[in-house]
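Below is the file target_16.txt, which contains compact mmCIF, C-alpha atoms.
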```txt
# COMPACT_ATOMS: atom_id res chain seq x y z
CA MET D 1 -50.65 -19.21 -4.99
CA SER D 2 -47.89 -17.62 -7.08
CA ARG D 3 -45.08 -19.73 -8.50
CA ARG D 4 -41.41 -18.93 -8.86
CA THR D 5 -40.18 -17.79 -12.26
CA ARG D 6 -36.90 -19.00 -13.71
CA VAL D 7 -35.01 -17.32 -16.54
CA VAL D 8 -33.72 -20.28 -18.51
CA GLY D 9 -32.62 -18.67 -21.74
CA VAL D 10 -31.43 -15.27 -22.94
CA GLY D 11 -30.13 -13.93 -26.21
CA MET D 12 -29.55 -10.71 -28.07
CA SER D 13 -28.29 -9.33 -31.34
CA PRO D 14 -25.30 -6.99 -31.39
CA PHE D 15 -26.61 -3.44 -31.24
CA SER D 16 -25.74 -1.14 -34.13
CA THR D 17 -26.28 2.38 -35.41
CA PRO D 18 -29.38 2.96 -37.57
CA ARG D 19 -27.27 3.39 -40.70
CA ARG D 20 -25.62 -0.01 -40.27
CA ALA D 21 -28.49 -2.04 -38.84
CA GLY D 22 -30.45 -4.78 -40.50
CA THR D 23 -34.23 -4.95 -40.36
CA TYR D 24 -36.10 -5.54 -37.12
CA LEU D 25 -37.08 -8.94 -38.51
CA ALA D 26 -33.46 -10.07 -38.79
CA MET D 27 -32.40 -8.66 -35.43
CA ALA D 28 -35.36 -10.08 -33.52
CA GLU D 29 -35.06 -13.52 -35.11
CA GLU D 30 -31.39 -13.65 -34.13
CA ALA D 31 -32.20 -12.79 -30.52
CA ILE D 32 -35.12 -15.22 -30.26
CA ARG D 33 -33.19 -18.14 -31.71
CA ALA D 34 -30.26 -17.36 -29.40
CA ALA D 35 -32.54 -17.36 -26.34
CA LEU D 36 -34.20 -20.64 -27.34
CA ARG D 37 -30.81 -22.21 -28.03
CA ASP D 38 -29.53 -20.97 -24.66
CA ALA D 39 -32.58 -22.49 -22.96
CA GLY D 40 -32.23 -25.75 -24.86
CA ILE D 41 -35.83 -25.90 -26.06
CA GLY D 42 -37.67 -25.45 -29.34
CA TYR D 43 -40.21 -22.76 -30.12
CA GLU D 44 -42.97 -25.36 -29.93
CA SER D 45 -42.50 -25.45 -26.14
CA VAL D 46 -43.38 -21.74 -25.79
CA GLN D 47 -46.97 -21.22 -24.69
CA GLN D 48 -47.23 -17.41 -24.78
CA ALA D 49 -45.15 -14.52 -26.12
CA TYR D 50 -44.93 -10.84 -25.19
CA VAL D 51 -43.20 -8.68 -27.78
CA GLY D 52 -42.11 -5.11 -27.12
CA TYR D 53 -41.30 -2.31 -29.56
CA VAL D 54 -42.09 1.41 -29.82
CA TYR D 55 -41.52 2.31 -33.47
CA GLY D 56 -43.44 -0.14 -35.64
CA ASP D 57 -46.83 -1.08 -36.94
CA SER D 58 -49.27 -3.08 -34.87
CA THR D 59 -48.71 -6.87 -34.89
CA SER D 60 -45.03 -6.51 -35.71
CA GLY D 61 -44.61 -9.02 -32.89
CA GLN D 62 -46.45 -11.67 -34.87
CA ASN D 63 -44.43 -10.75 -37.95
CA VAL D 64 -41.23 -11.48 -36.03
CA LEU D 65 -42.38 -14.68 -34.36
CA TYR D 66 -43.88 -16.16 -37.53
CA GLN D 67 -40.32 -16.42 -38.84
CA VAL D 68 -39.55 -18.79 -35.97
CA GLY D 69 -42.80 -20.73 -35.95
CA MET D 70 -46.57 -20.55 -36.34
CA THR D 71 -47.89 -22.51 -33.39
CA GLY D 72 -51.06 -20.53 -32.70
CA ILE D 73 -49.93 -19.23 -29.30
CA PRO D 74 -51.13 -15.88 -27.91
CA VAL D 75 -48.80 -13.05 -28.98
CA VAL D 76 -49.21 -9.74 -27.15
CA ASN D 77 -47.60 -6.59 -28.55
CA VAL D 78 -46.30 -4.23 -25.85
CA SER D 79 -45.40 -0.51 -26.02
CA ASN D 80 -44.32 1.44 -22.92
CA ASN D 81 -41.69 3.83 -24.24
CA CYS D 82 -38.17 3.16 -22.91
CA ALA D 83 -39.52 0.62 -20.39
CA THR D 84 -41.06 -1.49 -23.16
CA GLY D 85 -38.67 -4.45 -22.93
CA SER D 86 -39.05 -4.72 -19.17
CA SER D 87 -42.82 -4.36 -19.51
CA ALA D 88 -42.83 -7.41 -21.78
CA LEU D 89 -40.71 -9.20 -19.19
CA TRP D 90 -43.11 -8.11 -16.43
CA LEU D 91 -46.08 -9.58 -18.30
CA ALA D 92 -44.22 -12.82 -19.01
CA ARG D 93 -43.29 -13.18 -15.34
CA GLN D 94 -46.90 -12.57 -14.30
CA ALA D 95 -48.12 -15.29 -16.66
CA ILE D 96 -45.73 -17.80 -15.08
CA GLU D 97 -46.32 -16.83 -11.46
CA HIS D 98 -50.09 -16.87 -11.75
CA GLY D 99 -50.24 -20.19 -13.58
CA ALA D 100 -51.45 -18.94 -16.96
CA ALA D 101 -48.49 -20.61 -18.68
CA ASP D 102 -45.43 -22.73 -17.90
CA CYS D 103 -43.08 -21.40 -20.59
CA VAL D 104 -43.21 -17.84 -21.94
CA LEU D 105 -41.06 -15.84 -24.36
CA ALA D 106 -40.37 -12.13 -23.86
CA VAL D 107 -38.90 -10.26 -26.83
CA GLY D 108 -37.92 -6.65 -27.43
CA PHE D 109 -36.62 -5.00 -30.58
CA GLU D 110 -36.28 -1.62 -32.22
CA GLN D 111 -35.36 -0.42 -35.69
CA MET D 112 -34.71 3.26 -35.03
CA ARG D 113 -34.03 6.24 -37.25
CA PRO D 114 -30.97 8.48 -36.86
CA GLY D 115 -31.25 11.60 -34.74
CA ALA D 116 -33.17 12.70 -31.67
CA ILE D 117 -36.43 10.99 -30.80
CA THR D 118 -39.42 13.04 -31.96
CA ALA D 119 -43.20 12.75 -31.76
CA GLN D 120 -44.72 10.49 -34.42
CA TRP D 121 -48.21 12.01 -34.42
CA GLU D 122 -48.87 15.73 -34.69
CA ASP D 123 -52.65 15.58 -35.18
CA ARG D 124 -53.70 14.33 -31.70
CA PRO D 125 -53.02 14.90 -27.99
CA SER D 126 -49.53 13.86 -26.91
CA PRO D 127 -48.91 11.79 -23.76
CA PHE D 128 -46.15 14.32 -23.04
CA ASP D 129 -48.40 17.39 -22.95
CA ARG D 130 -48.49 17.34 -19.14
CA PHE D 131 -44.73 16.71 -19.00
CA ASP D 132 -44.06 19.67 -21.28
CA ALA D 133 -46.39 21.87 -19.22
CA ALA D 134 -44.59 20.94 -16.01
CA ALA D 135 -41.17 21.46 -17.62
CA ASP D 136 -42.19 24.83 -19.03
CA ALA D 137 -43.45 25.88 -15.58
CA ALA D 138 -40.12 24.90 -14.03
CA LEU D 139 -37.75 26.07 -16.77
CA GLY D 140 -39.61 28.41 -19.07
CA PRO D 141 -40.57 27.58 -22.67
CA ASP D 142 -37.90 26.12 -24.95
CA GLY D 143 -38.59 25.21 -28.52
CA SER D 144 -35.02 24.39 -29.52
CA THR D 145 -33.88 21.53 -27.25
CA PRO D 146 -35.20 17.99 -27.85
CA MET D 147 -37.50 16.81 -25.08
CA ALA D 148 -35.45 14.02 -23.47
CA PRO D 149 -32.10 15.85 -23.06
CA ARG D 150 -33.98 18.91 -21.83
CA TYR D 151 -35.80 16.92 -19.14
CA PHE D 152 -32.84 14.87 -17.98
CA GLY D 153 -30.34 17.70 -18.33
CA ALA D 154 -32.54 19.94 -16.21
CA ALA D 155 -32.96 17.17 -13.63
CA GLY D 156 -29.18 16.88 -13.36
CA GLN D 157 -28.85 20.63 -13.07
CA ALA D 158 -31.45 20.69 -10.28
CA TYR D 159 -29.55 17.96 -8.43
CA ALA D 160 -26.25 19.80 -8.88
CA GLU D 161 -27.71 23.02 -7.50
CA ARG D 162 -29.18 21.18 -4.54
CA HIS D 163 -26.03 19.25 -3.62
CA GLY D 164 -23.17 21.23 -5.16
CA THR D 165 -22.28 18.50 -7.64
CA ALA D 166 -19.49 19.31 -10.11
CA PRO D 167 -20.07 18.86 -13.88
CA GLU D 168 -17.06 16.52 -13.94
CA THR D 169 -18.90 14.06 -11.70
CA PHE D 170 -21.59 13.43 -14.30
CA ALA D 171 -18.94 13.16 -17.03
CA ARG D 172 -17.07 10.48 -15.08
CA ILE D 173 -20.09 8.19 -15.52
CA ALA D 174 -19.63 8.31 -19.30
CA VAL D 175 -15.94 7.45 -18.91
CA LYS D 176 -16.89 4.50 -16.70
CA ALA D 177 -19.51 3.32 -19.20
CA ARG D 178 -16.99 3.12 -22.04
CA ALA D 179 -14.47 1.32 -19.83
CA HIS D 180 -17.06 -1.33 -19.02
CA ALA D 181 -18.22 -1.64 -22.64
CA ALA D 182 -14.71 -2.53 -23.79
CA GLY D 183 -15.47 -6.11 -22.77
CA ASN D 184 -18.93 -6.30 -24.37
CA PRO D 185 -19.13 -7.47 -28.00
CA TYR D 186 -22.81 -6.43 -28.15
CA ALA D 187 -22.11 -2.74 -27.42
CA VAL D 188 -21.88 -0.15 -30.20
CA PHE D 189 -19.28 2.12 -28.58
CA ARG D 190 -16.35 0.26 -27.02
CA ASP D 191 -13.50 2.72 -27.44
CA PRO D 192 -12.40 4.46 -24.24
CA VAL D 193 -12.99 8.17 -23.73
CA THR D 194 -11.25 10.51 -21.33
CA LEU D 195 -12.87 12.90 -18.91
CA GLU D 196 -11.52 15.77 -20.98
CA GLU D 197 -13.06 14.37 -24.17
CA VAL D 198 -16.45 13.95 -22.53
CA LEU D 199 -16.44 17.49 -21.17
CA ALA D 200 -15.22 18.93 -24.48
CA SER D 201 -17.92 17.27 -26.58
CA PRO D 202 -20.72 19.63 -27.71
CA HIS D 203 -22.90 21.02 -24.94
CA VAL D 204 -26.49 19.77 -24.93
CA TYR D 205 -28.36 20.99 -21.82
CA GLY D 206 -27.47 21.63 -18.20
CA PRO D 207 -24.42 19.52 -17.30
CA LEU D 208 -24.94 17.25 -20.30
CA THR D 209 -22.57 17.08 -23.24
CA ARG D 210 -23.08 14.88 -26.27
CA LEU D 211 -20.98 12.01 -24.92
CA GLN D 212 -23.23 11.95 -21.84
CA CYS D 213 -26.34 11.16 -23.91
CA CYS D 214 -27.22 7.68 -25.11
CA PRO D 215 -27.49 7.35 -28.90
CA PRO D 216 -30.46 5.86 -30.76
CA THR D 217 -29.45 2.39 -31.91
CA CYS D 218 -31.06 -0.71 -33.32
CA GLY D 219 -31.13 -4.17 -31.81
CA ALA D 220 -33.11 -6.97 -30.20
CA ALA D 221 -33.04 -9.16 -27.11
CA ALA D 222 -35.13 -12.03 -25.76
CA ALA D 223 -35.64 -14.15 -22.67
CA VAL D 224 -37.30 -17.51 -22.02
CA LEU D 225 -39.08 -17.73 -18.67
CA CYS D 226 -40.59 -20.82 -17.14
CA SER D 227 -41.90 -22.38 -13.95
CA ASP D 228 -39.89 -24.61 -11.62
CA GLU D 229 -41.91 -27.59 -12.76
CA PHE D 230 -41.27 -26.95 -16.43
CA ALA D 231 -37.54 -26.47 -15.85
CA LEU D 232 -37.30 -29.69 -13.86
CA ALA D 233 -39.33 -31.69 -16.37
CA HIS D 234 -37.16 -30.55 -19.28
CA GLY D 235 -33.79 -30.58 -17.50
CA LEU D 236 -33.16 -26.87 -18.05
CA ASP D 237 -30.51 -24.65 -16.50
CA ALA D 238 -32.67 -22.91 -13.89
CA ARG D 239 -29.96 -21.31 -11.77
CA VAL D 240 -31.33 -17.79 -12.25
CA GLY D 241 -34.77 -16.75 -11.07
CA VAL D 242 -36.82 -13.61 -10.57
CA ALA D 243 -36.81 -12.92 -6.84
CA ALA D 244 -39.15 -9.91 -7.11
CA GLN D 245 -40.37 -7.40 -9.66
CA ALA D 246 -42.44 -4.22 -9.61
CA MET D 247 -43.83 -1.78 -12.13
CA VAL D 248 -44.85 1.71 -10.99
CA THR D 249 -46.42 4.62 -12.87
CA ASP D 250 -46.57 8.33 -12.07
CA ARG D 251 -48.36 9.89 -9.13
CA PRO D 252 -49.55 13.54 -9.04
CA GLY D 253 -46.28 14.66 -7.46
CA SER D 254 -44.45 13.96 -10.72
CA PHE D 255 -46.11 17.05 -12.18
CA ALA D 256 -47.63 19.20 -9.44
CA GLU D 257 -44.36 20.23 -7.79
CA HIS D 258 -42.60 21.40 -10.99
CA ASP D 259 -39.57 19.42 -9.81
CA MET D 260 -37.52 18.15 -12.75
CA ILE D 261 -36.03 15.32 -10.70
CA LYS D 262 -39.52 14.01 -9.98
CA LEU D 263 -40.62 14.65 -13.57
CA VAL D 264 -38.02 12.22 -14.94
CA GLY D 265 -39.21 9.39 -12.71
CA TYR D 266 -37.17 9.54 -9.50
CA ASP D 267 -40.19 8.77 -7.31
CA MET D 268 -41.36 5.97 -9.59
CA SER D 269 -37.94 4.34 -9.41
CA ALA D 270 -37.75 4.70 -5.64
CA GLU D 271 -41.22 3.25 -5.13
CA ALA D 272 -40.62 0.29 -7.44
CA ALA D 273 -37.28 -0.46 -5.78
CA ALA D 274 -38.80 -0.32 -2.30
CA GLN D 275 -41.50 -2.79 -3.35
CA VAL D 276 -38.89 -5.17 -4.75
CA TYR D 277 -36.61 -5.02 -1.71
CA GLU D 278 -39.52 -5.67 0.62
CA ALA D 279 -40.91 -8.54 -1.45
CA ALA D 280 -37.52 -10.23 -1.78
CA GLY D 281 -36.29 -9.51 1.74
CA VAL D 282 -33.13 -7.99 0.27
CA ASP D 283 -31.32 -4.86 1.42
CA PRO D 284 -29.88 -2.58 -1.30
CA GLY D 285 -26.53 -3.04 0.44
CA ASP D 286 -26.63 -6.67 -0.74
CA ILE D 287 -26.53 -5.63 -4.41
CA ARG D 288 -23.15 -6.14 -6.10
CA VAL D 289 -24.17 -5.75 -9.74
CA ALA D 290 -26.88 -3.65 -11.38
CA GLU D 291 -28.00 -2.58 -14.81
CA LEU D 292 -29.43 0.94 -14.47
CA HIS D 293 -31.29 3.11 -16.96
CA ASP D 294 -28.45 5.46 -17.95
CA CYS D 295 -30.15 7.17 -20.89
CA PHE D 296 -28.13 10.18 -19.71
CA THR D 297 -25.32 10.37 -17.16
CA THR D 298 -27.56 12.55 -15.03
CA ASN D 299 -30.16 9.80 -14.79
CA GLU D 300 -27.62 7.19 -13.74
CA LEU D 301 -26.48 9.45 -10.91
CA LEU D 302 -30.08 10.11 -9.81
CA SER D 303 -30.82 6.38 -9.98
CA TYR D 304 -28.04 5.53 -7.52
CA GLU D 305 -30.03 7.32 -4.84
CA ALA D 306 -33.52 6.42 -6.05
CA LEU D 307 -32.60 2.73 -5.86
CA GLY D 308 -30.97 3.06 -2.45
CA LEU D 309 -27.48 2.15 -3.66
CA THR D 310 -26.12 5.21 -1.88
CA PRO D 311 -27.88 7.57 0.57
CA GLU D 312 -29.55 10.74 -0.66
CA GLY D 313 -27.08 13.50 -1.41
CA THR D 314 -24.05 11.18 -1.55
CA ALA D 315 -23.99 10.22 -5.24
CA GLU D 316 -21.01 12.45 -6.01
CA LYS D 317 -18.89 10.79 -3.31
CA PHE D 318 -20.11 7.40 -4.55
CA VAL D 319 -18.79 8.22 -8.03
CA LEU D 320 -15.52 9.81 -6.92
CA ASP D 321 -14.77 6.87 -4.60
CA GLY D 322 -15.29 4.38 -7.43
CA GLY D 323 -18.28 2.85 -5.66
CA ASN D 324 -20.03 2.33 -9.02
CA THR D 325 -17.40 0.18 -10.74
CA TYR D 326 -15.15 -2.86 -10.31
CA GLY D 327 -13.50 -2.86 -6.91
CA GLY D 328 -16.28 -0.62 -5.54
CA ARG D 329 -19.49 -1.40 -3.73
CA VAL D 330 -21.73 -2.17 -6.72
CA VAL D 331 -20.74 -2.50 -10.38
CA THR D 332 -23.28 -0.42 -12.28
CA ASN D 333 -23.85 -1.23 -15.94
CA PRO D 334 -21.09 -3.78 -16.51
CA SER D 335 -22.47 -4.04 -20.06
CA GLY D 336 -21.56 -0.41 -20.71
CA GLY D 337 -25.19 0.59 -20.29
CA LEU D 338 -27.28 2.61 -22.69
CA LEU D 339 -24.48 5.15 -22.99
CA SER D 340 -22.26 2.58 -24.71
CA LYS D 341 -24.62 -0.11 -26.00
CA GLY D 342 -27.04 2.48 -27.32
CA HIS D 343 -30.74 2.50 -26.61
CA PRO D 344 -33.03 0.60 -29.00
CA LEU D 345 -36.10 1.35 -26.91
CA GLY D 346 -37.95 -1.96 -27.06
CA ALA D 347 -34.80 -4.05 -26.66
CA THR D 348 -33.14 -2.26 -23.74
CA GLY D 349 -34.97 -3.94 -20.85
CA LEU D 350 -34.37 -7.43 -22.19
CA ALA D 351 -30.73 -6.66 -22.98
CA GLN D 352 -30.36 -5.68 -19.31
CA CYS D 353 -31.98 -8.99 -18.36
CA ALA D 354 -29.54 -10.93 -20.57
CA GLU D 355 -26.51 -9.20 -19.03
CA LEU D 356 -27.61 -9.92 -15.48
CA VAL D 357 -28.44 -13.56 -16.21
CA TRP D 358 -24.95 -13.98 -17.67
CA GLN D 359 -23.50 -12.30 -14.58
CA LEU D 360 -25.31 -14.61 -12.16
CA ARG D 361 -24.34 -17.68 -14.18
CA GLY D 362 -20.69 -16.58 -14.26
CA GLN D 363 -20.77 -16.28 -18.06
CA ALA D 364 -19.98 -12.58 -18.46
CA GLY D 365 -16.35 -13.06 -19.48
CA PRO D 366 -14.16 -9.98 -18.94
CA ARG D 367 -17.18 -8.13 -17.49
CA GLN D 368 -17.75 -10.71 -14.76
CA VAL D 369 -18.57 -9.32 -11.31
CA GLU D 370 -17.30 -11.75 -8.70
CA GLY D 371 -19.40 -12.82 -5.75
CA ALA D 372 -22.79 -11.59 -6.92
CA SER D 373 -25.74 -13.73 -5.81
CA VAL D 374 -28.42 -11.14 -6.61
CA ALA D 375 -28.62 -8.61 -9.44
CA LEU D 376 -30.76 -5.50 -9.85
CA GLN D 377 -32.34 -4.23 -13.07
CA HIS D 378 -33.83 -0.73 -13.47
CA ASN D 379 -35.63 0.35 -16.63
CA ILE D 380 -37.65 3.55 -16.89
CA GLY D 381 -39.83 5.08 -19.56
CA LEU D 382 -41.27 8.56 -19.47
CA GLY D 383 -44.98 8.72 -19.88
CA GLY D 384 -44.44 6.79 -17.63
CA ALA D 385 -43.36 3.48 -16.18
CA ALA D 386 -40.52 2.27 -13.97
CA VAL D 387 -39.78 -1.44 -13.83
CA VAL D 388 -37.38 -2.80 -11.23
CA THR D 389 -36.44 -6.48 -11.24
CA LEU D 390 -34.32 -8.43 -8.78
CA TYR D 391 -32.73 -11.65 -10.02
CA GLU D 392 -31.19 -14.25 -7.76
CA ARG D 393 -28.99 -17.27 -8.18
CA MET D 394 -31.18 -20.10 -6.99
CA SER D 395 -30.46 -23.64 -5.99
```
As structure tokens, what does this structure read like?
Amino acid sequence: MSRRTRVVGVGMSPFSTPRRAGTYLAMAEEAIRAALRDAGIGYESVQQAYVGYVYGDSTSGQNVLYQVGMTGIPVVNVSNNCATGSSALWLARQAIEHGAADCVLAVGFEQMRPGAITAQWEDRPSPFDRFDAAADAALGPDGSTPMAPRYFGAAGQAYAERHGTAPETFARIAVKARAHAAGNPYAVFRDPVTLEEVLASPHVYGPLTRLQCCPPTCGAAAAVLCSDEFALAHGLDARVGVAAQAMVTDRPGSFAEHDMIKLVGYDMSAEAAAQVYEAAGVDPGDIRVAELHDCFTTNELLSYEALGLTPEGTAEKFVLDGGNTYGGRVVTNPSGGLLSKGHPLGATGLAQCAELVWQLRGQAGPRQVEGASVALQHNIGLGGAAVVTLYERMS
């Protein structure tokens, strides 16, 4: 029988640009110690650890954790592209629910280089070969645009052509992200931007301009998960639990239909969300706060519909009506999201977790969303994996 999982501690380092960041060791240690301090336990209580990162040598997870303690516990290094942090969280939750451990640490970090993400290995098959083939079939060859903005820009363009969406609608999401980030000390970009500034920034691909693309940043985040029994025995703050969680990978339709919206993970997100809603007995209309994977403004707009936050074809109205912000139906990315925090790949999923735990505890300060009893997390990585997590405020 599965057991309930509580999130009893979260922590993160302030995200920063690659030129200003410290080492991954310093960032990860800061996040881990903050999560343990928030939980009110020592590292010796942790029985397993799952550590996520994309750019780093094997066993970097041990290198990080050995700074905190050498207790002989299993340490599993996790790499799942942009969904890496949530994949570590997914494994930690599984360990708790299936009785393999009572207290588990999930950590994510990234020390990134400036500039667009590029392939690290040129002498072997790439996991993106089939993605590139599908994109080339849909769009024609393009050797000048970096992979991620090409994919997500083309997906936004396909959506706009299908539904008549104006370029300004996508740009409004970037304006909203900066407005939310103003209250987040962990975000890199907290200065407001206007719609005109977003639209006037250099064009990238499709409807995307530079201010609609998340920047590569460095940072770390961590979460302590435990069972009900462990929380009770140690007197921990167990108000927030994982109500349901799902991880989904690609099906043939992601590639066979030469549909850019499907190629960037729309179907994966929709399937994972449906599994979570069914398992938790929650309707998407119950969601009042969500952290979505806004690597690009186009993907945030697509995710509104994939996650059922607004019906198919209505995302533009959802944005124009303010349904995605304070005073609307669901506050999306109160942290400022990837667009404002930046996107240190391994840390992103656990930073989303930290934000939503703070929201459900009522500890989010000026970002606080009132009246939220459940919170939705969506983290996607091309290659691919979509992880959707529903947190609830428990008794």
Could you list, with a cut-off of 10 Å and counting all atoms listed in the file, the residues of segment 234-347 of chain D near segment 203-209 of chain D, each shown with its nearest atom pair and the distance in Å rounded to one decimal, rows sorted by chain and ascending number, as a tab-separated table?
```
residue	atom	partner	partner_atom	distance
D:Phe296	CA	D:Leu208	CA	7.8
D:Thr297	CA	D:Leu208	CA	7.6
D:Thr298	CA	D:Leu208	CA	7.5
```
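Restricting the calculation to all atoms listed in the file, the smallest distance between Lys341 of chain D and any of D:Ser254, D:Thr314, D:Thr217, D:Thr5 is found for D:Thr217.
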Distance query segment 143-150 of chain D at most 9 Å, only C-alpha atoms, self and fewer than 2 positions along chain excluded, as JSON, numbers by chain | {"D": [116, 117, 118, 132, 135, 141, 152, 153, 154, 155, 204, 205, 206, 208, 213, 296, 382]}
Polymer residues at most 9 Å from segment 384-389 of chain D, all atoms listed in the file, same-chain spacing of 5 or more positions, as a PyMOL selection string = chain D and resi 80-84+86-87+90+242-250+264-265+268-269+271-273+275-276+349+353+375-379
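Nearest-residue note for Arg172 of chain D: choosing from D:Ala39, D:Pro192, D:Trp121, D:Asn184, the minimum distance belongs to D:Pro192, counting all atoms listed in the file.
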Of D:Val369, D:Val357, D:Ala31, D:Ala347, the one sitting nearest Val330 of chain D when using all atoms listed in the file is D:Val369
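With all atoms listed in the file as the atoms that count, the minimum distance from Arg130 of chain D to the choices D:Ile380, D:Leu302, D:Ile261, D:Ala256 is reached by D:Ala256.
Among the candidates D:Ala101, D:Ala354, D:Ala200, D:Ala187, the one nearest to Gly219 of chain D when counting only C-alpha atoms is D:Ala187.
Residue nearest Ala100 of chain D within the list D:Tyr66, D:Ala49, D:Phe318, D:Asp136: D:Ala49 [criterion: smallest interatomic distance, all atoms listed in the file].
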Closest atom pairs, residues of segment 6-62 of chain D within 9 Å of segment 221-234 of chain D, only C-alpha atoms, as JSON lines:
```
{"residue": "D:Arg6", "atom": "CA", "partner": "D:Cys226", "partner_atom": "CA", "distance": 5.4}
{"residue": "D:Val7", "atom": "CA", "partner": "D:Leu225", "partner_atom": "CA", "distance": 4.6}
{"residue": "D:Val8", "atom": "CA", "partner": "D:Val224", "partner_atom": "CA", "distance": 5.7}
{"residue": "D:Gly9", "atom": "CA", "partner": "D:Val224", "partner_atom": "CA", "distance": 4.8}
{"residue": "D:Val10", "atom": "CA", "partner": "D:Ala223", "partner_atom": "CA", "distance": 4.4}
{"residue": "D:Gly11", "atom": "CA", "partner": "D:Ala222", "partner_atom": "CA", "distance": 5.4}
{"residue": "D:Met12", "atom": "CA", "partner": "D:Ala221", "partner_atom": "CA", "distance": 3.9}
{"residue": "D:Ser13", "atom": "CA", "partner": "D:Ala221", "partner_atom": "CA", "distance": 6.4}
{"residue": "D:Met27", "atom": "CA", "partner": "D:Ala221", "partner_atom": "CA", "distance": 8.4}
{"residue": "D:Ala28", "atom": "CA", "partner": "D:Ala221", "partner_atom": "CA", "distance": 6.9}
{"residue": "D:Glu30", "atom": "CA", "partner": "D:Ala221", "partner_atom": "CA", "distance": 8.5}
{"residue": "D:Ala31", "atom": "CA", "partner": "D:Ala221", "partner_atom": "CA", "distance": 5.1}
{"residue": "D:Ile32", "atom": "CA", "partner": "D:Ala222", "partner_atom": "CA", "distance": 5.5}
{"residue": "D:Arg33", "atom": "CA", "partner": "D:Ala222", "partner_atom": "CA", "distance": 8.7}
{"residue": "D:Ala34", "atom": "CA", "partner": "D:Ala222", "partner_atom": "CA", "distance": 8.1}
{"residue": "D:Ala35", "atom": "CA", "partner": "D:Ala223", "partner_atom": "CA", "distance": 5.8}
{"residue": "D:Leu36", "atom": "CA", "partner": "D:Val224", "partner_atom": "CA", "distance": 6.9}
{"residue": "D:Asp38", "atom": "CA", "partner": "D:Val224", "partner_atom": "CA", "distance": 8.9}
{"residue": "D:Ala39", "atom": "CA", "partner": "D:Val224", "partner_atom": "CA", "distance": 6.9}
{"residue": "D:Gly40", "atom": "CA", "partner": "D:His234", "partner_atom": "CA", "distance": 8.9}
{"residue": "D:Ile41", "atom": "CA", "partner": "D:His234", "partner_atom": "CA", "distance": 8.3}
{"residue": "D:Val46", "atom": "CA", "partner": "D:Val224", "partner_atom": "CA", "distance": 8.3}
{"residue": "D:Val51", "atom": "CA", "partner": "D:Ala222", "partner_atom": "CA", "distance": 9.0}
```
Close residues, Ala92 of chain D itself excluded, 8 Å, all atoms listed in the file, min 5 positions apart in chain, as a ChimeraX atom specification = /D:48-50,104-106,225
Would you kindly return, as a PyMOL selection string, each protein, DNA or RNA residue with an atom no farther than 6 Å from any atom of Ala372 of chain D, considering only C-alpha atoms and excluding same-chain residues fewer than 2 positions away?
-> chain D and resi 288+370+374
Proximity check segment 212-321 of chain D to segment 158-165 of chain D, 12 Å, nearest pairs one decimal Å, only C-alpha atoms, as a tab-separated table:
```
residue	atom	partner	partner_atom	distance
D:His258	CA	D:Ala158	CA	11.2
D:Asp259	CA	D:Ala158	CA	8.2
D:Met260	CA	D:Ala158	CA	7.0
D:Ile261	CA	D:Ala158	CA	7.1
D:Lys262	CA	D:Ala158	CA	10.5
D:Leu263	CA	D:Ala158	CA	11.5
D:Val264	CA	D:Ala158	CA	11.7
D:Tyr266	CA	D:Tyr159	CA	11.4
D:Thr298	CA	D:Tyr159	CA	8.8
D:Asn299	CA	D:Tyr159	CA	10.4
D:Leu301	CA	D:Tyr159	CA	9.4
D:Leu302	CA	D:Tyr159	CA	8.0
D:Ser303	CA	D:Tyr159	CA	11.8
D:Glu305	CA	D:Tyr159	CA	11.2
D:Glu312	CA	D:His163	CA	9.7
D:Gly313	CA	D:His163	CA	6.2
D:Thr314	CA	D:His163	CA	8.6
D:Ala315	CA	D:Thr165	CA	8.8
D:Glu316	CA	D:Thr165	CA	6.4
D:Lys317	CA	D:Thr165	CA	9.5
D:Phe318	CA	D:Thr165	CA	11.7
D:Val319	CA	D:Thr165	CA	10.9
D:Leu320	CA	D:Thr165	CA	11.0
```
Exercise: Leu338 of chain D partners within 9 Å, all atoms listed in the file, chain neighbours under 3 positions left out, as a list in words |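 Residues near the query, excluding close chain neighbours: Ala177, Ala187, Cys213, Cys214, Pro215, Leu292, His293, Asp294, Cys295, Phe296, Asn333, Ser335, Lys341, Gly342, His343, Pro344 and Thr348 of chain D.
For the pair atom CA of Val75 of chain D and atom CA of Arg37 of chain D, the interatomic distance is 20.2 Å.
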Measure the distance from atom CA of Leu211 of chain D to atom CA of Val198 of chain D in Å and round it to one decimal.
->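 Interatomic distance, atom CA of Leu211 of chain D to atom CA of Val198 of chain D: 5.5 Å.
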